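S.K.: I am sharing upload35.pdb, which consists of PDB, C-alpha atoms and all ligand atoms:
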ATOM      1  CA  GLN A   1     -10.955  -9.313  14.585
ATOM      2  CA  ASP A   2     -12.203  -6.604  16.848
ATOM      3  CA  VAL A   3     -10.986  -3.530  14.977
ATOM      4  CA  GLU A   4     -11.908  -1.062  17.677
ATOM      5  CA  LYS A   5     -10.239  -3.017  20.467
ATOM      6  CA  GLU A   6      -7.077  -3.733  18.500
ATOM      7  CA  THR A   7      -6.851  -0.113  17.368
ATOM      8  CA  ALA A   8      -7.312   1.109  20.931
ATOM      9  CA  ALA A   9      -4.364  -1.038  22.032
ATOM     10  CA  ILE A  10      -2.202   0.352  19.234
ATOM     11  CA  VAL A  11      -3.144   3.936  20.125
ATOM     12  CA  ASP A  12      -2.370   3.195  23.783
ATOM     13  CA  SER A  13       1.139   2.085  22.907
ATOM     14  CA  HIS A  14       1.970   5.200  20.879
ATOM     15  CA  GLU A  15      -0.040   7.899  22.595
ATOM     16  CA  GLN A  16       2.962   9.290  24.451
ATOM     17  CA  LEU A  17       4.972   9.915  21.316
ATOM     18  CA  GLU A  18       5.493  13.411  19.967
ATOM     19  CA  GLY A  19       3.861  12.672  16.609
ATOM     20  CA  PRO A  20       1.841   9.510  17.195
ATOM     21  CA  LEU A  21      -0.292   9.489  14.056
ATOM     22  CA  LEU A  22       2.145   7.902  11.585
ATOM     23  CA  PRO A  23       3.394   5.123  13.867
ATOM     24  CA  ILE A  24      -0.210   4.357  14.793
ATOM     25  CA  LEU A  25      -1.265   4.171  11.147
ATOM     26  CA  HIS A  26       1.701   1.933  10.331
ATOM     27  CA  ASP A  27       0.813  -0.479  13.097
ATOM     28  CA  VAL A  28      -2.872  -0.503  12.169
ATOM     29  CA  GLN A  29      -2.020  -1.312   8.574
ATOM     30  CA  ALA A  30       0.429  -4.007   9.681
ATOM     31  CA  LYS A  31      -2.345  -5.519  11.793
ATOM     32  CA  PHE A  32      -5.226  -5.404   9.291
ATOM     33  CA  GLY A  33      -3.480  -4.961   5.946
ATOM     34  CA  TYR A  34      -5.253  -1.617   5.493
ATOM     35  CA  ILE A  35      -6.768   1.187   7.573
ATOM     36  CA  PRO A  36     -10.362   0.216   8.299
ATOM     37  CA  GLU A  37     -12.912   3.024   8.590
ATOM     38  CA  GLU A  38     -13.626   2.048  12.178
ATOM     39  CA  ALA A  39      -9.943   2.386  13.048
ATOM     40  CA  LEU A  40      -9.780   5.783  11.363
ATOM     41  CA  LEU A  41     -12.680   7.054  13.451
ATOM     42  CA  HIS A  42     -11.184   5.703  16.640
ATOM     43  CA  ILE A  43      -7.779   7.256  15.922
ATOM     44  CA  ALA A  44      -9.307  10.659  15.074
ATOM     45  CA  ASP A  45     -11.299  10.550  18.286
ATOM     46  CA  ARG A  46      -8.402   9.577  20.512
ATOM     47  CA  LEU A  47      -5.886  12.024  19.015
ATOM     48  CA  ASN A  48      -8.384  14.866  18.880
ATOM     49  CA  LEU A  49      -8.078  15.184  15.134
ATOM     50  CA  SER A  50     -10.833  15.581  12.604
ATOM     51  CA  ARG A  51     -11.720  12.627  10.444
ATOM     52  CA  ALA A  52     -10.557  14.677   7.419
ATOM     53  CA  GLU A  53      -7.118  15.214   8.943
ATOM     54  CA  VAL A  54      -6.545  11.501   9.472
ATOM     55  CA  TYR A  55      -7.980  10.726   6.061
ATOM     56  CA  GLY A  56      -5.681  13.349   4.496
ATOM     57  CA  THR A  57      -2.626  11.732   6.058
ATOM     58  CA  ILE A  58      -3.672   8.281   4.830
ATOM     59  CA  SER A  59      -4.145   9.651   1.327
ATOM     60  CA  PHE A  60      -0.856  11.566   1.338
ATOM     61  CA  TYR A  61       1.348   8.564   2.049
ATOM     62  CA  HIS A  62       1.342   6.012  -0.735
ATOM     63  CA  ASP A  63       1.981   3.178   1.671
ATOM     64  CA  PHE A  64      -1.365   3.312   3.422
ATOM     65  CA  ARG A  65      -4.299   1.412   1.984
ATOM     66  CA  LYS A  66      -7.915   2.417   2.425
ATOM     67  CA  LYS A  67      -9.173  -0.962   1.343
ATOM     68  CA  ALA A  68      -8.014  -4.494   1.935
ATOM     69  CA  ALA A  69      -5.506  -5.632  -0.685
ATOM     70  CA  GLY A  70      -5.936  -8.640  -2.938
ATOM     71  CA  ARG A  71      -4.158 -11.942  -2.279
ATOM     72  CA  HIS A  72      -0.954 -10.583  -3.860
ATOM     73  CA  VAL A  73       0.431  -7.065  -4.063
ATOM     74  CA  LEU A  74       2.330  -5.999  -7.162
ATOM     75  CA  LYS A  75       4.329  -2.790  -6.797
ATOM     76  CA  VAL A  76       5.779  -1.254  -9.930
ATOM     77  CA  CYS A  77       8.596   1.263  -9.529
ATOM     78  CA  ARG A  78       7.724   4.796 -10.636
ATOM     79  CA  SER A  79      11.027   6.475  -9.812
ATOM     80  CA  GLU A  80      13.528   8.032 -12.169
ATOM     81  CA  ALA A  81      15.967   5.243 -13.008
ATOM     82  CA  CYS A  82      13.098   2.935 -13.852
ATOM     83  CA  GLN A  83      11.226   5.638 -15.759
ATOM     84  CA  SER A  84      14.274   6.320 -17.908
ATOM     85  CA  VAL A  85      14.370   2.770 -19.194
ATOM     86  CA  GLY A  86      10.718   2.275 -20.022
ATOM     87  CA  GLY A  87       9.039   2.280 -16.622
ATOM     88  CA  ASP A  88       6.078   4.218 -17.980
ATOM     89  CA  LYS A  89       5.452   1.815 -20.792
ATOM     90  CA  LEU A  90       5.825  -1.089 -18.410
ATOM     91  CA  ALA A  91       3.328   0.437 -15.979
ATOM     92  CA  GLU A  92       0.832   1.132 -18.757
ATOM     93  CA  GLY A  93       1.194  -2.352 -20.191
ATOM     94  CA  VAL A  94       0.700  -4.010 -16.833
ATOM     95  CA  GLN A  95      -2.313  -1.829 -16.037
ATOM     96  CA  SER A  96      -4.054  -2.632 -19.283
ATOM     97  CA  ALA A  97      -3.217  -6.347 -19.090
ATOM     98  CA  LEU A  98      -4.623  -6.571 -15.556
ATOM     99  CA  GLY A  99      -7.509  -4.212 -16.334
ATOM    100  CA  ILE A 100      -6.859  -2.066 -13.272
ATOM    101  CA  THR A 101      -5.067   1.116 -12.363
ATOM    102  CA  TRP A 102      -3.036   2.101  -9.278
ATOM    103  CA  HIS A 103      -4.488   1.059  -5.926
ATOM    104  CA  GLU A 104      -7.068  -1.187  -7.551
ATOM    105  CA  THR A 105      -7.520  -4.925  -7.233
ATOM    106  CA  THR A 106      -8.369  -7.351 -10.016
ATOM    107  CA  ASP A 107     -11.954  -8.660 -10.037
ATOM    108  CA  ASP A 108     -10.850 -12.083  -8.878
ATOM    109  CA  GLY A 109      -9.292 -10.471  -5.790
ATOM    110  CA  MET A 110      -5.871 -11.827  -6.737
ATOM    111  CA  ILE A 111      -3.688  -8.819  -7.518
ATOM    112  CA  THR A 112      -3.548  -5.307  -6.100
ATOM    113  CA  LEU A 113      -1.429  -2.891  -8.123
ATOM    114  CA  GLU A 114       0.490  -0.158  -6.337
ATOM    115  CA  PRO A 115       3.140   2.354  -7.348
ATOM    116  CA  VAL A 116       6.381   2.345  -5.411
ATOM    117  CA  TYR A 117       9.153   4.927  -5.396
ATOM    118  CA  CYS A 118      12.497   3.147  -5.858
ATOM    119  CA  LEU A 119      13.092  -0.414  -4.789
ATOM    120  CA  GLY A 120      16.861   0.045  -4.606
ATOM    121  CA  LEU A 121      17.284  -1.976  -7.769
ATOM    122  CA  CYS A 122      17.982   0.972 -10.090
ATOM    123  CA  ALA A 123      20.947  -0.801 -11.709
ATOM    124  CA  CYS A 124      18.542  -3.469 -12.922
ATOM    125  CA  ALA A 125      15.674  -1.166 -13.875
ATOM    126  CA  PRO A 126      12.813  -1.356 -14.547
ATOM    127  CA  ALA A 127      11.974  -3.040 -11.280
ATOM    128  CA  ALA A 128       8.882  -4.304  -9.544
ATOM    129  CA  MET A 129       8.040  -6.138  -6.356
ATOM    130  CA  LEU A 130       5.553  -8.954  -6.068
ATOM    131  CA  ASP A 131       4.578  -9.565  -2.474
ATOM    132  CA  GLU A 132       7.934  -9.210  -0.716
ATOM    133  CA  LYS A 133      10.136 -10.255  -3.618
ATOM    134  CA  ILE A 134      11.972  -7.750  -5.835
ATOM    135  CA  HIS A 135      12.577  -8.371  -9.523
ATOM    136  CA  GLY A 136      14.639  -6.371 -12.014
ATOM    137  CA  ARG A 137      15.084  -5.989 -15.773
ATOM    138  CA  LEU A 138      11.393  -6.477 -16.304
ATOM    139  CA  ASP A 139       9.201  -5.973 -19.298
ATOM    140  CA  LYS A 140       5.468  -6.431 -19.488
ATOM    141  CA  SER A 141       5.598 -10.145 -20.241
ATOM    142  CA  GLY A 142       8.117 -10.643 -17.443
ATOM    143  CA  VAL A 143       5.768  -9.025 -14.949
ATOM    144  CA  LEU A 144       2.776 -10.976 -16.225
ATOM    145  CA  ALA A 145       4.744 -14.222 -15.962
ATOM    146  CA  LEU A 146       5.453 -13.450 -12.305
ATOM    147  CA  VAL A 147       1.772 -12.748 -11.757
ATOM    148  CA  GLU A 148       0.778 -16.032 -13.397
ATOM    149  CA  GLU A 149       3.240 -17.864 -11.201
ATOM    150  CA  VAL A 150       1.649 -16.723  -7.939
ATOM    151  CA  LYS A 151      -1.932 -17.113  -9.122
TER
HETATM  152 FE1  LIG A 201      13.281   1.951  -9.736
HETATM  153 FE2  LIG A 201      15.336   2.612  -8.147
HETATM  154  S1  LIG A 201      14.262   3.815  -9.531
HETATM  155  S2  LIG A 201      14.414   0.701  -8.421
END
Please express the file's structure as structure tokens.
Ligand code: FES
M.R.:
Amino acid sequence: QDVEKETAAIVDSHEQLEGPLLPILHDVQAKFGYIPEEALLHIADRLNLSRAEVYGTISFYHDFRKKAAGRHVLKVCRSEACQSVGGDKLAEGVQSALGITWHETTDDGMITLEPVYCLGLCACAPAAMLDEKIHGRLDKSGVLALVEEVK
């Protein structure tokens, strides 16, 4: 994929907007699965922003990735309802079992772990999402079973 060319087309389509940066970043991530460095530089250049400003925005929003994700993305809910029923313990258990922390990918490139802030499944907390599928009432072994299933 030609990152520069594809990014240029995305910038073209949003340039007229009042605040074009976020929609541009969303589209770039949808296209590549993350925000490549080359795209970041192109966006900064075209919008007359510094590289640090664009980088700051990418870092501020949890949804943007700076690196390509693994084959599967596991998002564990970090919001209140899930926290109150053992979300912290679940997150810790999953991190240590996978040997990674937030925004990291397992060595085999299979699983990227990301925090998420409410999946709308608070009644069945703690919740997590593997790829696009949401699961509730999870414990550590439940999450690891899901991971094994997709591997
Ligand atoms: Fe976790 Fe709503 S707080 S799903």
S.K.: Extract, using all atoms listed in the file, all DNA, RNA and protein residues at most 7 Å from segment 7-12 of chain A, discarding same-chain residues fewer than 3 positions from it, and format them as a PyMOL selection string.
M.R.: chain A and resi 3-4+15+24+27-28+39
S.K.: Skip Leu121 of chain A itself and residues of its chain fewer than 6 positions away, then list as a PyMOL selection string all residues within 12 Å of it, counting all atoms listed in the file.
M.R.: chain A and resi 76-77+79-82+127-129+133-138
S.K.: With all atoms listed in the file as the atoms that count, which of A:Asp88, A:Thr112, A:Lys140, A:Glu149 lies nearest to ligand LIG 201 (chain A)?
M.R.: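 Distance minimum relative to ligand LIG 201 (chain A) lands on A:Asp88.
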S.K.: If I put a ball of radius 6 Å at (-3.8, -7.0, 3.9) in the file's coordinates, which residues poke into it when counting only C-alpha atoms, written as a ChimeraX atom specification?
M.R.: /A:32-34,68-69
S.K.: Suppose you want the space between atom CA of Val85 of chain A and atom S2 of ligand LIG 201 (chain A); what is it in Å?
M.R.: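 Value for the atom CA of Val85 of chain A-atom S2 of ligand LIG 201 (chain A) distance: 11.0 Å.
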S.K.: Around all listed atoms of ligand LIG 201 (chain A), padded 8 Å per side, what centre and edge lengths does the axis-aligned box have in Å to one decimal, as JSON?
M.R.:
{"center_x": 14.3, "center_y": 2.3, "center_z": -8.9, "size_x": 18.1, "size_y": 19.1, "size_z": 17.6}
S.K.: Any idea what the distance is between atom CA of Pro23 of chain A and atom CA of Ile58 of chain A?
M.R.: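 These two atoms are separated by 11.9 Å.
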